[in-house]
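A.B. asks: Let me begin by handing over the structure; questions about it come next.
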Amino acid sequence: MITIEKTNFKGWANSWRVSNGTVELVLTGDVGPRVMHFGFVGGQNFFKEFDTQMGKTGEPEWQPRGGHRVWIAPEDPILSYAPDNEPVAVTVQGSVISATGPVEALTGVQKSLTIKMSDFGSEVEVIHEIRNAADAPRELATWVLTMFAQGGSGIHGFPPRGTHPEMLVPTNPLVMWAFTHLDDPRWRLSRKYLVLRQDPTNSNPQKLGSYNRHTWGAYLLKGELFVKRYEAVAETAAYPDFGCTFETFTNADILELETLGPLTNLAPGATVSHTERWSAHQGVYLNTWTDEEIDTVILPLI
């Protein structure tokens, strides 16, 4: 049975806790829309919390804060970083909760999150919507970002591998940024997987992107695994950043798992939607981080 109750979360009095008795999440209504907590009931928060920014509102500039949010891509130093520091409208209909932010002055778009938690287990469906409230069309892609707590490792699976010369057509891009250094010890690239380790002592930012029709990313933290999945709705050429449906980023504070929708020419009044499916798993450990071990331990949970 799903329970939704109003709560004070780290100083945000207008927050809502959603739980089915196994997992719980917290959606704040004082800023956002953002999910600020997700994890097993009474357990660790998978998501990063920037302690000095908890409970605050109304800042003139965008605040990292932590948690889970939706942005617009391609990344723009002004438009993507439109502040989300004002109250959002929260509605509860049965076991479904939604949060809708005000129209952004910088972008003319309005963002919303809708949360549907399963009655049993750890499955959560998160629907992200961006509405063009401006008078002119806007080309954008949904960009869904989850900031994770320090000390874990992000895992991403490439599309199915094959052999040469039986498979001659490329399967996916592997996209770099100017600050991407493949010799950074936090990376592990294997035949099937991309792994990025979060290191609180390493402040150098790192980022890579890729495409997978069945996009997924996982974060392993202290024996617990968070999984997010996104089904690509178009071919590679439709996606931003040279065709990425998935991107991962880290610095000393966070590790992000990000999914992206295709570029869309969004007409005035039109809305684009992007759905992620989450799950959480306990008692998950990796020792060798080989493809064989990830195949055995992680892949069945995806």
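Residue names in the structure tokens use chain letters A, B, ... in the order shown, residue numbers from 1 in each chain, and ligand numbers from 1 in the order shown.
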Select from segment 2-81 of chain A every residue with an atom at most 12 Å from any atom of segment 224-229 of chain A, then for each give the shortest pair of atoms and their distance in Å to one decimal, using only C-alpha atoms, rows by chain and rising number, as a Markdown table.
C.D. replies:
| residue | atom | partner | partner_atom | distance |
| --- | --- | --- | --- | --- |
| A:Val23 | CA | A:Phe226 | CA | 11.4 |
| A:Phe38 | CA | A:Phe226 | CA | 9.1 |
| A:Gly39 | CA | A:Phe226 | CA | 8.4 |
| A:Phe40 | CA | A:Glu224 | CA | 9.2 |
| A:Gly43 | CA | A:Glu224 | CA | 10.0 |
| A:Gln44 | CA | A:Glu224 | CA | 9.0 |
| A:Asn45 | CA | A:Glu224 | CA | 10.4 |
| A:Phe46 | CA | A:Phe226 | CA | 7.3 |
| A:Phe47 | CA | A:Phe226 | CA | 9.8 |
| A:His68 | CA | A:Lys228 | CA | 11.6 |
A.B. asks: Wanna dump the segment 109-143 of chain A-segment 81-84 of chain A contacts at 12 Å for me, each residue with its shortest atom pair and the distance in Å to one decimal, counting only C-alpha atoms, ordered by chain and number, as a tab-separated table?
C.D. replies:
residue	atom	partner	partner_atom	distance
A:Val109	CA	A:Ala82	CA	10.0
A:Gln110	CA	A:Asp84	CA	10.5
A:Lys111	CA	A:Asp84	CA	9.6
A:Ser112	CA	A:Asp84	CA	11.4
A.B. asks: Using backbone DSSP assignments, extract all strand (DSSP E or B) residues from segment 146-240 of chain A; output them as a ChimeraX atom specification.
C.D. replies: /A:146-148,153-157,174-176,187-189,193-197,206-210,214-221,224-231
A.B. asks: For the residues in that selection, give me C-alpha atoms as an mmCIF file, in the first residue's frame.
C.D. replies:
data_model
loop_
_atom_site.group_PDB
_atom_site.id
_atom_site.type_symbol
_atom_site.label_atom_id
_atom_site.label_comp_id
_atom_site.auth_asym_id
_atom_site.auth_seq_id
_atom_site.Cartn_x
_atom_site.Cartn_y
_atom_site.Cartn_z
ATOM 1 C CA THR A 146 20.339 12.234 -10.778
ATOM 2 C CA MET A 147 23.046 13.366 -8.343
ATOM 3 C CA PHE A 148 24.339 10.513 -6.196
ATOM 4 C CA SER A 153 30.425 3.718 -8.545
ATOM 5 C CA GLY A 154 28.278 4.314 -11.606
ATOM 6 C CA ILE A 155 27.804 1.500 -14.124
ATOM 7 C CA HIS A 156 26.460 1.745 -17.670
ATOM 8 C CA GLY A 157 25.939 -1.039 -20.179
ATOM 9 C CA LEU A 174 31.279 7.102 -27.091
ATOM 10 C CA VAL A 175 31.254 10.859 -26.619
ATOM 11 C CA MET A 176 33.979 12.865 -24.936
ATOM 12 C CA TRP A 187 37.311 5.219 -15.289
ATOM 13 C CA ARG A 188 37.016 1.548 -16.154
ATOM 14 C CA LEU A 189 36.054 0.804 -19.758
ATOM 15 C CA TYR A 193 30.484 -1.788 -19.539
ATOM 16 C CA LEU A 194 31.511 1.726 -18.616
ATOM 17 C CA VAL A 195 32.257 2.232 -14.924
ATOM 18 C CA LEU A 196 32.977 5.554 -13.244
ATOM 19 C CA ARG A 197 34.001 5.688 -9.589
ATOM 20 C CA GLN A 206 35.021 13.779 -15.799
ATOM 21 C CA LYS A 207 32.253 12.985 -18.292
ATOM 22 C CA LEU A 208 31.399 10.498 -21.049
ATOM 23 C CA GLY A 209 28.259 9.831 -23.067
ATOM 24 C CA SER A 210 26.849 6.980 -25.135
ATOM 25 C CA HIS A 214 17.629 0.217 -23.888
ATOM 26 C CA THR A 215 19.499 2.784 -21.804
ATOM 27 C CA TRP A 216 20.339 1.990 -18.210
ATOM 28 C CA GLY A 217 22.614 3.246 -15.491
ATOM 29 C CA ALA A 218 23.253 1.895 -11.998
ATOM 30 C CA TYR A 219 24.921 3.271 -8.881
ATOM 31 C CA LEU A 220 26.470 0.930 -6.338
ATOM 32 C CA LEU A 221 26.764 2.469 -2.888
ATOM 33 C CA GLU A 224 22.970 -1.216 -2.323
ATOM 34 C CA LEU A 225 22.272 -0.680 -6.010
ATOM 35 C CA PHE A 226 20.116 2.013 -7.613
ATOM 36 C CA VAL A 227 19.013 1.346 -11.210
ATOM 37 C CA LYS A 228 17.453 3.747 -13.703
ATOM 38 C CA ARG A 229 16.195 2.688 -17.133
ATOM 39 C CA TYR A 230 15.071 4.676 -20.175
ATOM 40 C CA GLU A 231 13.793 3.375 -23.502
#
A.B. asks: Calculate how many Å separate atom CA of Gly101 of chain A from atom CA of Trp71 of chain A, rounding to one decimal.
C.D. replies: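 So the two atoms, atom CA of Gly101 of chain A and atom CA of Trp71 of chain A, lie 12.1 Å apart.
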A.B. asks: Residues near Phe9 of chain A, anyone? I mean within 9 Å using only C-alpha atoms, not counting same-chain ones fewer than 6 positions away, as a list in words.
C.D. replies: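 Within the cut-off, the hits are Ser15, Trp16, Arg17, Val26, Leu27, Thr28, Met36, Met54 and Gly55 of chain A.
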A.B. asks: Convert the current residue selection to file output with C-alpha atoms, as a JSON list (two decimals), in the first residue's frame.
C.D. replies:
[["chain", "number", "residue", "atom", "x", "y", "z"],
["A", 15, "SER", "CA", 7.70, 18.19, 1.32],
["A", 16, "TRP", "CA", 6.02, 14.87, 0.70],
["A", 17, "ARG", "CA", 7.20, 11.40, 1.66],
["A", 26, "VAL", "CA", 10.83, 12.60, -0.74],
["A", 27, "LEU", "CA", 9.57, 15.22, -3.19],
["A", 28, "THR", "CA", 9.97, 18.80, -2.02],
["A", 36, "MET", "CA", 15.59, 14.87, -2.83],
["A", 54, "MET", "CA", 19.11, 22.22, 2.40],
["A", 55, "GLY", "CA", 15.95, 24.04, 3.49]]
A.B. asks: Need to verify the contact set: Trp143 of chain A, 10 Å, only C-alpha atoms, exclusion of same-chain residues closer than 6 positions in sequence. Can you return it as a PyMOL selection string?
C.D. replies: chain A and resi 69-75+80+128+240+245-247+258-262+274
A.B. asks: Go through A:Asn202, A:Thr107, A:Thr290, A:Thr142 one by one, measure the shortest atom-to-atom distance of each to Ser190 of chain A using only C-alpha atoms, and give the residue with the smallest value.
C.D. replies: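 Once distances to Ser190 of chain A are computed over only C-alpha atoms, the minimum belongs to A:Thr290.
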A.B. asks: To one decimal in Å, tell me the separation between atom CA of Thr3 of chain A and atom CA of Gly32 of chain A.
C.D. replies: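 About the pair atom CA of Thr3 of chain A and atom CA of Gly32 of chain A: they are 21.7 Å apart.
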A.B. asks: Taking into account only C-alpha atoms, which residue in the set A:Gln93, A:Ser19, A:Thr296, A:Thr201 is nearest to His37 of chain A?
C.D. replies: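 Ranking A:Gln93, A:Ser19, A:Thr296, A:Thr201 by distance to His37 of chain A, first place goes to A:Ser19.
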A.B. asks: Per DSSP on the backbone, filter segment 93-267 of chain A down to the residues in alpha helix (DSSP H) and report them as a ChimeraX atom specification.
C.D. replies: /A:240-243
A.B. asks: Could the residues in this selection be saved with N, CA and C atoms as a short mmCIF file (atom, residue, chain, number, x, y, z; two decimals), in the first residue's frame?
C.D. replies:
data_model
loop_
_atom_site.label_atom_id
_atom_site.label_comp_id
_atom_site.auth_asym_id
_atom_site.auth_seq_id
_atom_site.Cartn_x
_atom_site.Cartn_y
_atom_site.Cartn_z
N PRO A 240 20.84 14.69 -28.70
CA PRO A 240 21.87 15.74 -28.58
C PRO A 240 23.23 15.15 -28.24
N ASP A 241 24.24 16.03 -28.24
CA ASP A 241 25.60 15.66 -27.83
C ASP A 241 26.13 14.49 -28.65
N PHE A 242 26.03 14.59 -29.98
CA PHE A 242 26.51 13.57 -30.90
C PHE A 242 25.80 12.23 -30.72
N GLY A 243 24.55 12.29 -30.25
CA GLY A 243 23.75 11.07 -30.23
C GLY A 243 23.72 10.34 -28.90
#
A.B. asks: Can you tell me, as a PDB file with N, CA and C atoms, in the first residue's frame, what residues are no more than 8 Å from Glu123 of chain A when counting only C-alpha atoms, ignoring any on the same chain fewer than 4 positions away?
C.D. replies:
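Just written: around-v6.pdb:
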ATOM      1  N   MET A 117       4.795   5.050  -7.684  1.00  0.00           N
ATOM      2  CA  MET A 117       5.518   3.979  -7.000  1.00  0.00           C
ATOM      3  C   MET A 117       4.690   2.710  -7.026  1.00  0.00           C
ATOM      4  N   SER A 118       5.354   1.566  -7.237  1.00  0.00           N
ATOM      5  CA  SER A 118       4.662   0.285  -7.215  1.00  0.00           C
ATOM      6  C   SER A 118       4.181  -0.041  -5.800  1.00  0.00           C
ATOM      7  N   ARG A 277      12.461   4.569 -15.246  1.00  0.00           N
ATOM      8  CA  ARG A 277      11.985   3.569 -14.290  1.00  0.00           C
ATOM      9  C   ARG A 277      13.121   3.225 -13.343  1.00  0.00           C
ATOM     10  N   TRP A 278      12.849   3.350 -12.042  1.00  0.00           N
ATOM     11  CA  TRP A 278      13.858   3.138 -11.014  1.00  0.00           C
ATOM     12  C   TRP A 278      13.602   1.834 -10.271  1.00  0.00           C
ATOM     13  N   SER A 279      14.665   1.300  -9.722  1.00  0.00           N
ATOM     14  CA  SER A 279      14.538   0.211  -8.758  1.00  0.00           C
ATOM     15  C   SER A 279      15.747   0.253  -7.828  1.00  0.00           C
ATOM     16  N   ALA A 280      15.633  -0.448  -6.703  1.00  0.00           N
ATOM     17  CA  ALA A 280      16.719  -0.496  -5.720  1.00  0.00           C
ATOM     18  C   ALA A 280      16.890  -1.933  -5.246  1.00  0.00           C
TER      19      ALA A 280
END
A.B. asks: Can you work out which one of A:Val90, A:Val126, A:Val144, A:Ile78 has the shortest atom-to-atom distance to Ile4 of chain A, counting only C-alpha atoms?
C.D. replies: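 Nearest candidate to Ile4 of chain A out of A:Val90, A:Val126, A:Val144, A:Ile78: A:Val90.
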A.B. asks: May I ask which of the residues A:Gly94, A:Val18, A:Leu182, A:Lys192 is the closest one to Gly162 of chain A, counting only C-alpha atoms?
C.D. replies: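 Using only C-alpha atoms, the shortest distance to Gly162 of chain A belongs to A:Lys192.
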A.B. asks: Taking only C-alpha atoms into account, name the residue in A:Asp76, A:Glu256, A:Asp183, A:Glu86 that is nearest to Gly58 of chain A.
C.D. replies: A:Glu86
